[in-house]
file input-v1.txt (compact mmCIF, C-alpha atoms)
# COMPACT_ATOMS: atom_id res chain seq x y z
CA MET A 1403 2.32 -70.43 131.39
CA SER A 1404 4.00 -69.01 128.40
CA ILE A 1405 4.42 -70.34 124.93
CA LYS A 1406 7.82 -69.95 123.46
CA VAL A 1407 7.93 -69.56 119.72
CA ASN A 1408 11.06 -70.42 117.81
CA SER A 1409 11.06 -67.78 115.09
CA GLN A 1410 13.78 -69.58 113.13
CA ASN A 1411 11.68 -72.76 112.91
CA LEU A 1412 8.56 -70.76 112.05
CA ASN A 1413 10.32 -68.99 109.23
CA SER A 1414 11.60 -72.33 107.93
CA HIS A 1415 8.09 -73.83 108.00
CA MET A 1416 6.62 -70.81 106.24
CA PHE A 1417 9.33 -70.91 103.56
CA LEU A 1418 8.67 -74.62 103.01
CA MET A 1419 4.91 -73.99 102.69
CA ILE A 1420 5.49 -71.21 100.18
CA LYS A 1421 7.76 -73.48 98.11
CA LEU A 1422 5.19 -76.30 98.18
CA THR A 1423 2.35 -73.95 97.22
CA THR A 1424 4.39 -72.45 94.37
CA ALA A 1425 5.36 -75.89 93.11
CA LEU A 1426 1.74 -77.07 93.30
CA MET A 1427 0.46 -74.02 91.41
CA LEU A 1428 3.18 -74.45 88.78
CA ALA A 1429 2.26 -78.12 88.37
CA ILE A 1430 -1.43 -77.23 88.00
CA SER A 1431 -0.58 -74.52 85.46
CA MET A 1432 1.54 -76.95 83.44
CA LEU A 1433 -1.21 -79.57 83.59
CA MET A 1434 -3.83 -77.06 82.43
CA ALA A 1435 -1.54 -75.83 79.63
CA THR A 1436 -1.00 -79.41 78.47
CA TYR A 1437 -4.75 -80.09 78.55
CA LEU A 1438 -5.64 -76.90 76.69
CA SER A 1439 -2.89 -77.48 74.13
CA SER A 1440 -4.07 -80.99 73.40
CA HIS A 1441 -7.69 -79.83 73.07
CA ALA A 1442 -7.11 -76.51 71.32
CA LYS A 1443 -8.83 -76.14 67.97
CA VAL A 1444 -6.42 -76.51 65.07
CA VAL A 1445 -6.12 -73.16 63.29
CA VAL A 1446 -3.87 -71.35 60.80
CA ASP A 1447 -2.80 -67.93 62.08
CA ILE A 1448 -2.59 -65.89 58.88
CA THR A 1449 -1.85 -62.65 60.74
CA LYS A 1450 1.82 -63.64 61.04
CA GLY A 1451 4.32 -62.42 58.46
CA ASN A 1452 5.71 -65.92 57.92
CA VAL A 1453 3.12 -68.67 58.10
CA GLU A 1454 4.25 -72.27 58.51
CA PRO A 1455 1.97 -74.40 56.28
CA LEU A 1456 -0.44 -76.60 58.25
CA PRO A 1457 0.00 -80.36 57.60
CA ILE A 1458 -3.40 -81.58 56.37
CA ALA A 1459 -4.52 -84.98 55.09
CA VAL A 1460 -7.10 -84.94 52.27
CA SER A 1461 -8.35 -88.49 51.95
CA SER A 1462 -9.65 -89.71 48.60
CA PHE A 1463 -13.41 -89.14 48.55
CA SER A 1464 -15.55 -92.19 47.84
CA GLY A 1465 -17.71 -92.34 44.72
CA GLU A 1466 -16.87 -92.27 41.03
CA LEU A 1467 -15.94 -88.58 41.01
CA GLY A 1468 -14.60 -88.60 44.57
CA PRO A 1469 -10.87 -88.92 43.77
CA GLU A 1470 -11.01 -86.07 41.24
CA ILE A 1471 -12.87 -83.80 43.67
CA SER A 1472 -10.44 -84.49 46.51
CA SER A 1473 -7.41 -83.91 44.24
CA ILE A 1474 -8.75 -80.45 43.29
CA ILE A 1475 -9.29 -79.65 46.97
CA GLU A 1476 -5.74 -80.75 47.73
CA ALA A 1477 -4.35 -78.59 44.91
CA ASN A 1478 -6.32 -75.55 46.10
CA LEU A 1479 -5.09 -75.86 49.68
CA ARG A 1480 -1.49 -76.41 48.59
CA GLY A 1481 -1.61 -73.46 46.20
CA SER A 1482 -2.68 -71.09 48.98
CA GLY A 1483 0.66 -71.60 50.70
CA LEU A 1484 -1.10 -72.01 54.06
CA PHE A 1485 -1.47 -75.79 53.94
CA ARG A 1486 0.85 -78.72 53.29
CA PRO A 1487 -1.21 -81.69 52.05
CA ILE A 1488 0.36 -84.98 53.10
CA ASP A 1489 1.16 -87.53 50.39
CA GLN A 1490 -1.58 -90.19 50.35
CA ALA A 1491 1.11 -92.88 50.13
CA ALA A 1492 1.88 -92.10 53.79
CA PHE A 1493 -1.70 -92.72 54.95
CA ILE A 1494 -2.13 -95.62 57.38
CA GLN A 1495 -5.93 -95.68 57.45
CA LYS A 1496 -8.06 -95.83 54.32
CA ILE A 1497 -11.37 -94.08 54.92
CA ASP A 1498 -14.18 -95.92 53.15
CA ASP A 1499 -17.02 -94.30 55.12
CA HIS A 1500 -16.65 -90.61 55.99
CA ASN A 1501 -19.41 -90.94 58.61
CA VAL A 1502 -17.24 -93.22 60.75
CA ILE A 1503 -14.97 -91.49 63.27
CA PRO A 1504 -11.41 -91.89 62.01
CA ARG A 1505 -8.64 -93.59 63.99
CA PHE A 1506 -6.97 -90.35 65.04
CA GLU A 1507 -3.82 -92.11 66.28
CA ASP A 1508 -3.15 -93.28 62.69
CA TRP A 1509 -3.20 -89.67 61.48
CA ARG A 1510 -1.13 -88.31 64.37
CA VAL A 1511 1.65 -90.74 63.44
CA ILE A 1512 2.04 -89.04 60.04
CA SER A 1513 1.88 -85.56 61.70
CA ALA A 1514 -1.47 -84.56 60.17
CA GLN A 1515 -3.10 -81.79 62.18
CA ALA A 1516 -6.32 -81.74 60.14
CA LEU A 1517 -8.11 -84.42 58.13
CA VAL A 1518 -10.67 -84.13 55.32
CA SER A 1519 -12.92 -87.03 54.34
CA GLY A 1520 -15.97 -87.17 52.10
CA THR A 1521 -18.05 -88.77 49.37
CA VAL A 1522 -19.52 -87.72 46.00
CA VAL A 1523 -22.50 -89.52 44.48
CA THR A 1524 -24.81 -88.92 41.53
CA GLU A 1525 -28.47 -88.58 42.49
CA ALA A 1526 -31.35 -90.09 40.51
CA ASP A 1527 -32.08 -86.68 38.96
CA GLY A 1528 -28.48 -86.40 37.71
CA ARG A 1529 -27.31 -83.90 40.32
CA LEU A 1530 -24.10 -84.38 42.24
CA LYS A 1531 -24.34 -84.73 45.99
CA ALA A 1532 -21.17 -84.14 48.00
CA GLU A 1533 -20.65 -84.57 51.73
CA PHE A 1534 -17.46 -83.89 53.62
CA ARG A 1535 -16.13 -83.71 57.15
CA LEU A 1536 -13.19 -81.76 58.54
CA TRP A 1537 -11.49 -83.28 61.59
CA ASP A 1538 -9.11 -81.88 64.19
CA VAL A 1539 -6.65 -84.75 64.54
CA PHE A 1540 -4.96 -83.79 67.82
CA GLY A 1541 -8.21 -82.61 69.37
CA SER A 1542 -9.92 -85.84 68.22
CA GLU A 1543 -13.04 -83.98 67.18
CA GLN A 1544 -15.04 -82.90 64.15
CA LEU A 1545 -14.69 -79.26 63.17
CA LEU A 1546 -17.08 -79.07 60.24
CA SER A 1547 -19.60 -81.14 58.31
CA ALA A 1548 -21.44 -80.00 55.18
CA GLN A 1549 -23.50 -81.28 52.27
CA TYR A 1550 -23.83 -79.76 48.78
CA PHE A 1551 -25.93 -80.43 45.66
CA THR A 1552 -25.05 -79.18 42.17
CA GLY A 1553 -25.40 -79.94 38.48
CA SER A 1554 -23.25 -82.69 36.97
CA ASN A 1555 -21.15 -80.13 35.04
CA ASN A 1556 -20.14 -78.25 38.19
CA LYS A 1557 -17.72 -80.74 39.74
CA ARG A 1558 -14.84 -78.29 39.83
CA ARG A 1559 -17.01 -75.62 41.46
CA LEU A 1560 -18.04 -78.23 44.01
CA ALA A 1561 -14.38 -78.81 44.88
CA HIS A 1562 -13.73 -75.07 45.09
CA ILE A 1563 -16.70 -74.50 47.42
CA ILE A 1564 -15.54 -77.28 49.75
CA SER A 1565 -12.01 -75.81 49.65
CA ASP A 1566 -13.40 -72.40 50.66
CA ALA A 1567 -15.30 -73.97 53.57
CA ILE A 1568 -12.12 -75.68 54.83
CA TYR A 1569 -10.08 -72.50 54.38
CA LYS A 1570 -12.62 -70.44 56.34
CA GLU A 1571 -12.88 -72.94 59.18
CA LEU A 1572 -9.11 -73.19 59.66
CA THR A 1573 -8.15 -69.54 59.07
CA GLY A 1574 -11.25 -67.68 60.26
CA GLU A 1575 -11.45 -65.75 56.98
CA GLY A 1576 -13.32 -66.26 53.74
CA GLY A 1577 -11.71 -68.22 50.93
CA TYR A 1578 -11.16 -67.32 47.28
CA PHE A 1579 -11.18 -70.63 45.38
CA ASP A 1580 -14.73 -70.36 43.99
CA SER A 1581 -13.89 -67.37 41.80
CA ARG A 1582 -12.78 -66.56 38.27
CA ILE A 1583 -10.23 -64.47 36.41
CA VAL A 1584 -10.90 -62.40 33.31
CA PHE A 1585 -7.80 -61.42 31.35
CA ILE A 1586 -6.36 -60.60 27.93
CA ASP A 1587 -5.22 -63.70 26.01
CA GLU A 1588 -2.35 -62.80 23.65
CA SER A 1589 -1.33 -65.00 20.70
CA GLY A 1590 0.76 -64.56 17.56
CA SER A 1591 4.09 -62.87 16.99
CA LYS A 1592 5.27 -60.09 19.24
CA LEU A 1593 4.66 -57.37 16.67
CA ARG A 1594 1.23 -58.69 15.59
CA ARG A 1595 -0.41 -59.92 18.76
CA VAL A 1596 -4.05 -60.97 18.66
CA LYS A 1597 -5.72 -59.96 21.93
CA ARG A 1598 -8.90 -61.69 23.08
CA LEU A 1599 -10.98 -61.41 26.20
CA ALA A 1600 -10.75 -64.70 28.11
CA ILE A 1601 -12.08 -66.06 31.39
CA MET A 1602 -11.08 -69.03 33.54
CA ASP A 1603 -11.33 -70.41 37.06
CA GLN A 1604 -8.84 -68.92 39.51
CA ASP A 1605 -6.69 -72.06 39.14
CA GLY A 1606 -6.55 -71.80 35.32
CA ALA A 1607 -9.21 -74.43 34.51
CA ASN A 1608 -12.35 -74.02 32.36
CA LEU A 1609 -10.87 -71.39 30.08
CA ARG A 1610 -13.14 -69.88 27.43
CA TYR A 1611 -12.96 -66.87 25.13
CA LEU A 1612 -15.33 -63.90 25.27
CA SER A 1613 -14.14 -62.20 22.08
CA ASN A 1614 -12.75 -63.42 18.75
CA GLY A 1615 -9.74 -61.13 18.48
CA ASP A 1616 -11.04 -58.99 15.60
CA ASP A 1617 -11.06 -55.87 17.82
CA LEU A 1618 -8.39 -54.69 20.22
CA VAL A 1619 -9.62 -55.14 23.80
CA LEU A 1620 -7.98 -53.83 26.98
CA THR A 1621 -8.37 -53.52 30.76
CA PRO A 1622 -11.23 -55.88 31.65
CA ARG A 1623 -12.55 -55.34 35.19
CA PHE A 1624 -15.12 -57.29 37.21
CA SER A 1625 -18.15 -55.83 38.93
CA PRO A 1626 -17.90 -56.33 42.71
CA THR A 1627 -21.58 -57.30 42.90
CA ARG A 1628 -22.29 -59.59 39.95
CA GLN A 1629 -20.71 -61.61 37.14
CA GLU A 1630 -20.32 -58.64 34.83
CA ILE A 1631 -17.25 -56.93 33.39
CA THR A 1632 -16.38 -53.57 31.92
CA TYR A 1633 -13.61 -53.19 29.37
CA MET A 1634 -12.32 -51.02 26.54
CA SER A 1635 -12.56 -51.87 22.85
CA PHE A 1636 -11.10 -50.15 19.77
CA GLY A 1637 -13.33 -51.83 17.18
CA THR A 1638 -13.77 -48.77 14.99
CA GLY A 1639 -10.58 -47.02 16.03
CA GLU A 1640 -12.53 -44.96 18.56
CA PRO A 1641 -12.26 -46.16 22.18
CA LYS A 1642 -15.53 -47.39 23.67
CA VAL A 1643 -16.36 -48.61 27.15
CA TYR A 1644 -18.43 -51.80 27.23
CA LEU A 1645 -20.42 -53.75 29.80
CA ARG A 1646 -20.72 -57.50 29.31
CA GLN A 1647 -22.72 -60.11 31.19
CA ILE A 1648 -20.52 -63.18 31.63
CA GLU A 1649 -23.24 -65.82 31.65
CA THR A 1650 -25.53 -64.49 28.90
CA GLY A 1651 -22.90 -62.86 26.69
CA GLN A 1652 -25.07 -59.76 26.42
CA PHE A 1653 -23.06 -56.56 26.04
CA ASP A 1654 -23.75 -52.87 25.93
CA VAL A 1655 -21.79 -49.76 24.98
CA VAL A 1656 -21.92 -47.45 27.98
CA GLY A 1657 -20.28 -44.53 26.27
CA LYS A 1658 -18.26 -43.15 23.38
CA PHE A 1659 -15.79 -40.58 24.54
CA PRO A 1660 -13.69 -38.16 22.50
CA GLY A 1661 -9.98 -38.64 22.94
CA MET A 1662 -8.58 -41.59 24.84
CA THR A 1663 -10.28 -43.50 27.65
CA PHE A 1664 -8.27 -45.36 30.27
CA SER A 1665 -8.80 -47.93 33.01
CA PRO A 1666 -12.58 -48.16 33.55
CA ARG A 1667 -13.43 -49.75 36.91
CA PHE A 1668 -16.66 -50.34 38.86
CA SER A 1669 -17.74 -48.63 42.06
CA PRO A 1670 -18.32 -50.98 45.04
CA ASP A 1671 -22.10 -50.99 44.50
CA GLY A 1672 -21.71 -51.70 40.77
CA GLN A 1673 -23.76 -48.61 39.85
CA LYS A 1674 -20.92 -46.43 38.55
CA ILE A 1675 -17.80 -46.73 36.44
CA ILE A 1676 -14.79 -44.59 37.25
CA MET A 1677 -12.21 -43.93 34.53
CA SER A 1678 -9.69 -41.51 33.09
CA LEU A 1679 -10.55 -39.44 30.02
CA ASN A 1680 -8.01 -37.56 27.94
CA GLN A 1681 -9.56 -34.34 26.68
CA ASP A 1682 -7.82 -31.22 25.40
CA GLY A 1683 -4.44 -32.76 26.12
CA ARG A 1684 -5.26 -33.36 29.79
CA SER A 1685 -6.11 -36.63 31.49
CA ASN A 1686 -8.62 -36.34 34.34
CA ILE A 1687 -10.78 -38.73 36.32
CA TYR A 1688 -14.51 -39.01 35.70
CA SER A 1689 -17.32 -41.14 37.09
CA LEU A 1690 -20.11 -42.50 34.89
CA ASP A 1691 -23.50 -43.30 36.40
CA LEU A 1692 -24.71 -46.48 34.71
CA ARG A 1693 -28.38 -45.66 35.30
CA SER A 1694 -28.48 -42.09 34.00
CA ARG A 1695 -25.39 -42.43 31.76
CA THR A 1696 -24.17 -39.04 32.97
CA THR A 1697 -20.50 -38.29 33.63
CA THR A 1698 -19.06 -36.26 36.49
CA ARG A 1699 -15.58 -34.82 36.46
CA LEU A 1700 -13.69 -35.57 39.68
CA THR A 1701 -10.26 -34.03 39.04
CA ASN A 1702 -9.34 -30.85 37.18
CA SER A 1703 -5.61 -30.94 36.74
CA SER A 1704 -3.13 -30.13 34.02
CA ALA A 1705 -1.29 -33.32 35.02
CA ILE A 1706 -2.00 -36.92 34.04
CA ASP A 1707 -4.52 -38.36 36.53
CA THR A 1708 -5.41 -41.98 35.81
CA SER A 1709 -5.93 -45.55 37.12
CA PRO A 1710 -8.60 -44.74 39.73
CA SER A 1711 -9.85 -47.38 42.18
CA TYR A 1712 -12.57 -47.03 44.84
CA SER A 1713 -12.19 -48.00 48.48
CA PRO A 1714 -14.50 -50.90 49.47
CA ASP A 1715 -16.98 -48.55 51.14
CA GLY A 1716 -16.99 -46.18 48.15
CA SER A 1717 -15.98 -43.14 50.20
CA ARG A 1718 -12.50 -42.62 48.73
CA ILE A 1719 -10.54 -43.13 45.53
CA VAL A 1720 -6.88 -43.96 45.00
CA PHE A 1721 -5.29 -42.90 41.70
CA GLU A 1722 -1.94 -42.18 40.09
CA SER A 1723 -0.82 -38.73 39.02
CA ASP A 1724 2.33 -36.94 37.88
CA ARG A 1725 1.14 -33.64 39.35
CA GLY A 1726 4.25 -33.68 41.57
CA GLY A 1727 6.60 -34.22 38.63
CA ARG A 1728 6.63 -38.03 38.71
CA GLN A 1729 3.95 -40.70 38.84
CA GLN A 1730 2.88 -41.10 42.46
CA LEU A 1731 -0.19 -42.38 44.29
CA TYR A 1732 -2.88 -40.12 45.74
CA VAL A 1733 -6.06 -40.69 47.74
CA MET A 1734 -9.04 -38.34 47.49
CA ASN A 1735 -12.67 -38.28 48.58
CA ALA A 1736 -15.18 -39.89 46.21
CA ASP A 1737 -16.31 -36.42 45.06
CA GLY A 1738 -12.76 -35.49 44.06
CA THR A 1739 -11.92 -33.28 47.03
CA ASN A 1740 -8.99 -33.40 49.45
CA ALA A 1741 -6.40 -35.24 47.35
CA GLN A 1742 -3.43 -36.39 49.45
CA ARG A 1743 -0.22 -38.02 48.25
CA ILE A 1744 0.50 -41.40 49.89
CA SER A 1745 3.60 -42.74 48.05
CA PHE A 1746 7.01 -41.35 48.95
CA GLY A 1747 9.55 -44.01 47.95
CA GLN A 1748 12.12 -43.86 45.18
CA GLY A 1749 10.81 -44.47 41.67
CA SER A 1750 7.42 -44.16 39.97
CA TYR A 1751 4.13 -45.68 41.17
CA SER A 1752 1.17 -46.79 39.07
CA THR A 1753 -1.90 -49.07 38.75
CA PRO A 1754 -3.11 -48.74 42.37
CA VAL A 1755 -5.90 -51.09 43.49
CA TRP A 1756 -7.66 -50.91 46.84
CA SER A 1757 -7.86 -54.19 48.78
CA PRO A 1758 -11.38 -55.60 49.33
CA ARG A 1759 -10.46 -55.68 53.03
CA GLY A 1760 -9.88 -51.93 52.93
CA ASP A 1761 -6.53 -52.03 54.73
CA LEU A 1762 -4.01 -52.01 51.88
CA ILE A 1763 -3.40 -50.62 48.40
CA ALA A 1764 -1.55 -52.73 45.83
CA PHE A 1765 0.59 -50.98 43.23
CA THR A 1766 3.20 -51.29 40.51
CA LYS A 1767 6.51 -49.57 41.19
CA GLN A 1768 9.24 -48.84 38.65
CA THR A 1769 12.70 -48.24 40.06
CA GLY A 1770 16.24 -49.09 39.03
CA GLY A 1771 15.12 -50.62 35.73
CA GLN A 1772 12.87 -53.11 37.56
CA PHE A 1773 9.10 -53.35 37.95
CA GLN A 1774 7.82 -54.37 41.38
CA ILE A 1775 4.45 -55.37 42.78
CA GLY A 1776 3.92 -54.10 46.31
CA VAL A 1777 1.39 -53.07 48.94
CA MET A 1778 1.17 -50.10 51.30
CA LYS A 1779 -1.12 -48.85 54.04
CA ILE A 1780 -3.85 -46.51 52.86
CA ASP A 1781 -2.25 -43.48 54.52
CA GLY A 1782 1.20 -44.37 53.16
CA LYS A 1783 2.82 -43.72 56.57
CA LYS A 1784 4.20 -47.19 57.17
CA LYS A 1785 6.89 -48.78 55.04
CA GLU A 1786 5.67 -50.33 51.79
CA ARG A 1787 6.16 -54.07 51.26
CA ILE A 1788 7.45 -55.40 47.93
CA LEU A 1789 5.99 -58.81 47.03
CA ALA A 1790 7.41 -59.44 43.55
CA ASP A 1791 10.33 -58.06 41.58
CA GLY A 1792 11.34 -58.56 37.96
CA PHE A 1793 11.98 -57.27 34.47
CA HIS A 1794 8.40 -56.14 33.97
CA ASN A 1795 5.66 -56.82 36.54
CA GLU A 1796 2.39 -54.94 36.28
CA GLY A 1797 -1.36 -54.89 36.84
CA PRO A 1798 -2.10 -56.21 40.36
CA THR A 1799 -5.60 -57.50 41.15
CA TRP A 1800 -6.88 -58.73 44.53
CA SER A 1801 -8.46 -62.05 45.43
CA PRO A 1802 -11.95 -61.71 46.98
CA ASN A 1803 -10.56 -62.20 50.51
CA GLY A 1804 -7.70 -59.72 50.09
CA ARG A 1805 -4.96 -62.29 50.85
CA VAL A 1806 -3.60 -62.98 47.34
CA ILE A 1807 -2.60 -60.74 44.44
CA MET A 1808 -2.47 -61.76 40.78
CA PHE A 1809 -0.42 -59.80 38.23
CA PHE A 1810 1.34 -60.29 34.90
CA ARG A 1811 5.05 -60.50 34.20
CA GLU A 1812 6.59 -59.79 30.81
CA THR A 1813 9.61 -61.84 29.79
CA PRO A 1814 12.21 -60.15 27.55
CA GLY A 1815 13.36 -61.18 24.12
CA ALA A 1816 11.80 -61.70 20.69
CA LYS A 1817 9.93 -64.78 21.91
CA GLY A 1818 9.05 -63.31 25.26
CA GLY A 1819 5.62 -62.23 26.43
CA PRO A 1820 3.40 -61.72 29.47
CA LYS A 1821 2.30 -64.50 31.84
CA LEU A 1822 0.08 -64.49 34.90
CA TYR A 1823 1.41 -64.99 38.41
CA SER A 1824 -0.07 -64.93 41.90
CA VAL A 1825 1.63 -64.09 45.19
CA ASP A 1826 0.31 -63.99 48.76
CA LEU A 1827 0.80 -61.11 51.17
CA THR A 1828 3.90 -62.70 52.67
CA GLY A 1829 5.60 -62.54 49.27
CA ARG A 1830 6.82 -66.12 49.81
CA ASN A 1831 4.27 -68.02 47.76
CA GLU A 1832 4.63 -66.90 44.14
CA ARG A 1833 3.01 -69.17 41.55
CA LEU A 1834 2.75 -69.23 37.75
CA ILE A 1835 -0.85 -69.49 36.54
CA LYS A 1836 -0.76 -71.60 33.40
CA THR A 1837 -2.59 -70.35 30.29
CA PRO A 1838 -2.47 -71.71 26.72
CA ASN A 1839 -0.99 -68.48 25.33
CA PHE A 1840 0.54 -65.33 26.72
CA ALA A 1841 -1.74 -63.52 29.16
CA SER A 1842 -1.95 -60.02 30.62
CA ASP A 1843 -4.12 -57.62 32.61
CA PRO A 1844 -5.94 -60.05 34.95
CA ALA A 1845 -8.98 -59.07 37.02
CA TRP A 1846 -10.35 -61.21 39.84
CA SER A 1847 -14.09 -61.83 40.21
CA PRO A 1848 -16.05 -61.79 43.45
CA LEU A 1849 -16.96 -65.21 44.87
CA LEU A 1850 -19.44 -67.08 42.71
CA ASN A 1851 -21.42 -68.62 45.58
call {"tool": "encode", "arguments": {"input": "input-v1.txt", "output": "structure tokens"}}
result
Amino acid sequence: MSIKVNSQNLNSHMFLMIKLTTALMLAISMLMATYLSSHAKVVVDITKGNVEPLPIAVSSFSGELGPEISSIIEANLRGSGLFRPIDQAAFIQKIDDHNVIPRFEDWRVISAQALVSGTVVTEADGRLKAEFRLWDVFGSEQLLSAQYFTGSNNKRRLAHIISDAIYKELTGEGGYFDSRIVFIDESGSKLRRVKRLAIMDQDGANLRYLSNGDDLVLTPRFSPTRQEITYMSFGTGEPKVYLRQIETGQFDVVGKFPGMTFSPRFSPDGQKIIMSLNQDGRSNIYSLDLRSRTTTRLTNSSAIDTSPSYSPDGSRIVFESDRGGRQQLYVMNADGTNAQRISFGQGSYSTPVWSPRGDLIAFTKQTGGQFQIGVMKIDGKKKERILADGFHNEGPTWSPNGRVIMFFRETPGAKGGPKLYSVDLTGRNERLIKTPNFASDPAWSPLLN
């Protein structure tokens, strides 16, 4: 007995089975993608060149100081350019108890992807106690919960610390809100400006003066390891390099140098100062050991070498030099050897500053009658990126997380003067930092906490 097989029918059955299997696998894949999408952790991808701000709801914290704290948090997140706080007038649910799980459907309706709730109370000993929770609205889960205690006069710092915690959870990188800016406050007429050392929170609050304006002060720079600055002063007509403790006000002259001194800046470990000294008509780069107070010459050129800045690991130094005929940027080893040019665009380059992340160098570029703030890779091989352009932009300084740059911009005219601005690495989020007077030469502190 033989079995006759109809090959045409067999092929048809096999084709049908393949189609059904493919359809089933596709359906399973779509189902899994839908499930994973709905349960994926909300996150801001800051590696993209153009970041769409994340819609976030910051509910008013309970407690007497709660609304003020939450408004500062909201302003911080908005100012970063990575978040779009939703107007509280659109809120459907009012959160009276941050420990209660929110009605997530009420927050999805207004398109919030993340939600912040919290409370601030004053303890019996006078300290402030703050608690907050960060929620993933579409994932219907808590992402972060934290509690902080601080003195009653630190409410703004409390808000900045909470903002940093939210920023880190949603971006995966450290924040920069709990930090300060030291700068030169400029008042008076354009021809008779009074210049004072000033310091403020990174958002412009809590401004105070560190000098009275009797002496000319220039180029303040923060230590990477503590709340200490170095700066130049011309009190007696002779340039001196100072160290000053921010909290105690104690200061010390680290050296008197013949000729002119330029751009003192700390090493990453805070144990050295690197600067440019003009001696015998030549400007070279020197390092000063703060423990032994001995100086070491790092360049020996007939050109103008100035504006040195260490890499975060202290192994290399970027500086500007006209040794090639025009101001350009160079990178050398920390001992002064193996200097290599890294800037090759049109125009002149100056004021280089190495990013705390180690991946980029910020600079000022002068070309076509304009001053630009830009960044480039440390080897200079990839195309530079211009972040700000204008009549006179200068003096970039990096936020502690290496995602934002602050600089000053001079406005023309008899009544014009410098003002501080910040811009993120996309170049799309430029902001004016308000100060009571004109302001120049900012320097960003490390995180306070």
call {"tool": "residues_near_point", "arguments": {"input": "input-v1.txt", "point": "(-5.6, -43.6, 39.3)", "cutoff": "7 Å", "atoms": "all atoms listed in the file", "output": "ChimeraX atom specification"}}
result
/A:1707-1711,1720-1723,1753-1754
call {"tool": "closest_atom_pairs", "arguments": {"input": "input-v1.txt", "of": "stretch 1509-1599 of chain A", "to": "stretch 1796-1817 of chain A", "cutoff": "12 Å", "atoms": "all atoms listed in the file", "output": "tab-separated table"}}
result
residue	atom	partner	partner_atom	distance
A:Asp1566	CA	A:Asn1803	CA	10.6
A:Tyr1569	CA	A:Asn1803	CA	11.0
A:Lys1570	CA	A:Asn1803	CA	10.3
A:Thr1573	CA	A:Arg1805	CA	11.4
A:Gly1574	CA	A:Asn1803	CA	11.2
A:Glu1575	CA	A:Asn1803	CA	7.4
A:Gly1576	CA	A:Asn1803	CA	5.9
A:Gly1577	CA	A:Asn1803	CA	6.1
A:Tyr1578	CA	A:Pro1802	CA	5.7
A:Phe1579	CA	A:Ser1801	CA	9.0
A:Asp1580	CA	A:Pro1802	CA	9.6
A:Ser1581	CA	A:Pro1802	CA	7.9
A:Arg1582	CA	A:Ser1801	CA	9.5
A:Ile1583	CA	A:Met1808	CA	9.3
A:Val1584	CA	A:Thr1799	CA	10.7
A:Phe1585	CA	A:Phe1810	CA	9.9
A:Ile1586	CA	A:Phe1810	CA	10.4
A:Asp1587	CA	A:Phe1810	CA	11.6
A:Glu1588	CA	A:Glu1812	CA	11.8
A:Ser1589	CA	A:Lys1817	CA	11.3
A:Gly1590	CA	A:Lys1817	CA	10.2
A:Ser1591	CA	A:Lys1817	CA	7.9
A:Lys1592	CA	A:Ala1816	CA	6.9
A:Leu1593	CA	A:Ala1816	CA	9.3
A:Arg1595	CA	A:Lys1817	CA	11.9
call {"tool": "residues_around", "arguments": {"input": "input-v1.txt", "residues": "A:Ser1462", "least_positions_apart": "4", "cutoff": "7 Å", "atoms": "all atoms listed in the file", "output": "mmCIF file with C-alpha atoms, in the coordinates of the input"}}
result
data_model
loop_
_atom_site.group_PDB
_atom_site.id
_atom_site.type_symbol
_atom_site.label_atom_id
_atom_site.label_comp_id
_atom_site.auth_asym_id
_atom_site.auth_seq_id
_atom_site.Cartn_x
_atom_site.Cartn_y
_atom_site.Cartn_z
ATOM 1 C CA GLY A 1468 -14.600 -88.600 44.570
ATOM 2 C CA PRO A 1469 -10.870 -88.920 43.770
ATOM 3 C CA SER A 1472 -10.440 -84.490 46.510
#
call {"tool": "atom_distance", "arguments": {"input": "input-v1.txt", "atom1": "atom CA of A:Ala1790", "atom2": "atom CA of A:Gln1730"}}
result
18.9 Å
call {"tool": "residues_near_point", "arguments": {"input": "input-v1.txt", "point": "(-19.3, -41.6, 34.6)", "cutoff": "8 Å", "atoms": "all atoms listed in the file", "output": "JSON, numbers by chain"}}
result
{"A": [1674, 1675, 1676, 1677, 1688, 1689, 1690, 1691, 1692, 1695, 1696, 1697, 1698, 1699]}
call {"tool": "closest_atom_pairs", "arguments": {"input": "input-v1.txt", "of": "stretch 1679-1768 of chain A", "to": "stretch 1773-1789 of chain A", "cutoff": "8 Å", "atoms": "only C-alpha atoms", "output": "tab-separated table"}}
result
residue	atom	partner	partner_atom	distance
A:Ile1744	CA	A:Gly1782	CA	4.5
A:Ser1745	CA	A:Gly1782	CA	5.9
A:Phe1746	CA	A:Gly1782	CA	7.8
A:Asp1761	CA	A:Lys1779	CA	6.3
A:Leu1762	CA	A:Lys1779	CA	4.8
A:Ile1763	CA	A:Val1777	CA	5.4
A:Ala1764	CA	A:Val1777	CA	4.3
A:Phe1765	CA	A:Gly1776	CA	5.5
A:Thr1766	CA	A:Ile1775	CA	4.8
A:Lys1767	CA	A:Gln1774	CA	5.0
A:Gln1768	CA	A:Phe1773	CA	4.6
call {"tool": "write_last_selection", "arguments": {"input": "input-v1.txt", "atoms": "C-alpha atoms", "output": "compact mmCIF listing (two decimals), keeping the file's coordinate frame"}}
result
# COMPACT_ATOMS: atom_id res chain seq x y z
CA ILE A 1744 0.50 -41.40 49.89
CA SER A 1745 3.60 -42.74 48.05
CA PHE A 1746 7.01 -41.35 48.95
CA ASP A 1761 -6.53 -52.03 54.73
CA LEU A 1762 -4.01 -52.01 51.88
CA ILE A 1763 -3.40 -50.62 48.40
CA ALA A 1764 -1.55 -52.73 45.83
CA PHE A 1765 0.59 -50.98 43.23
CA THR A 1766 3.20 -51.29 40.51
CA LYS A 1767 6.51 -49.57 41.19
CA GLN A 1768 9.24 -48.84 38.65
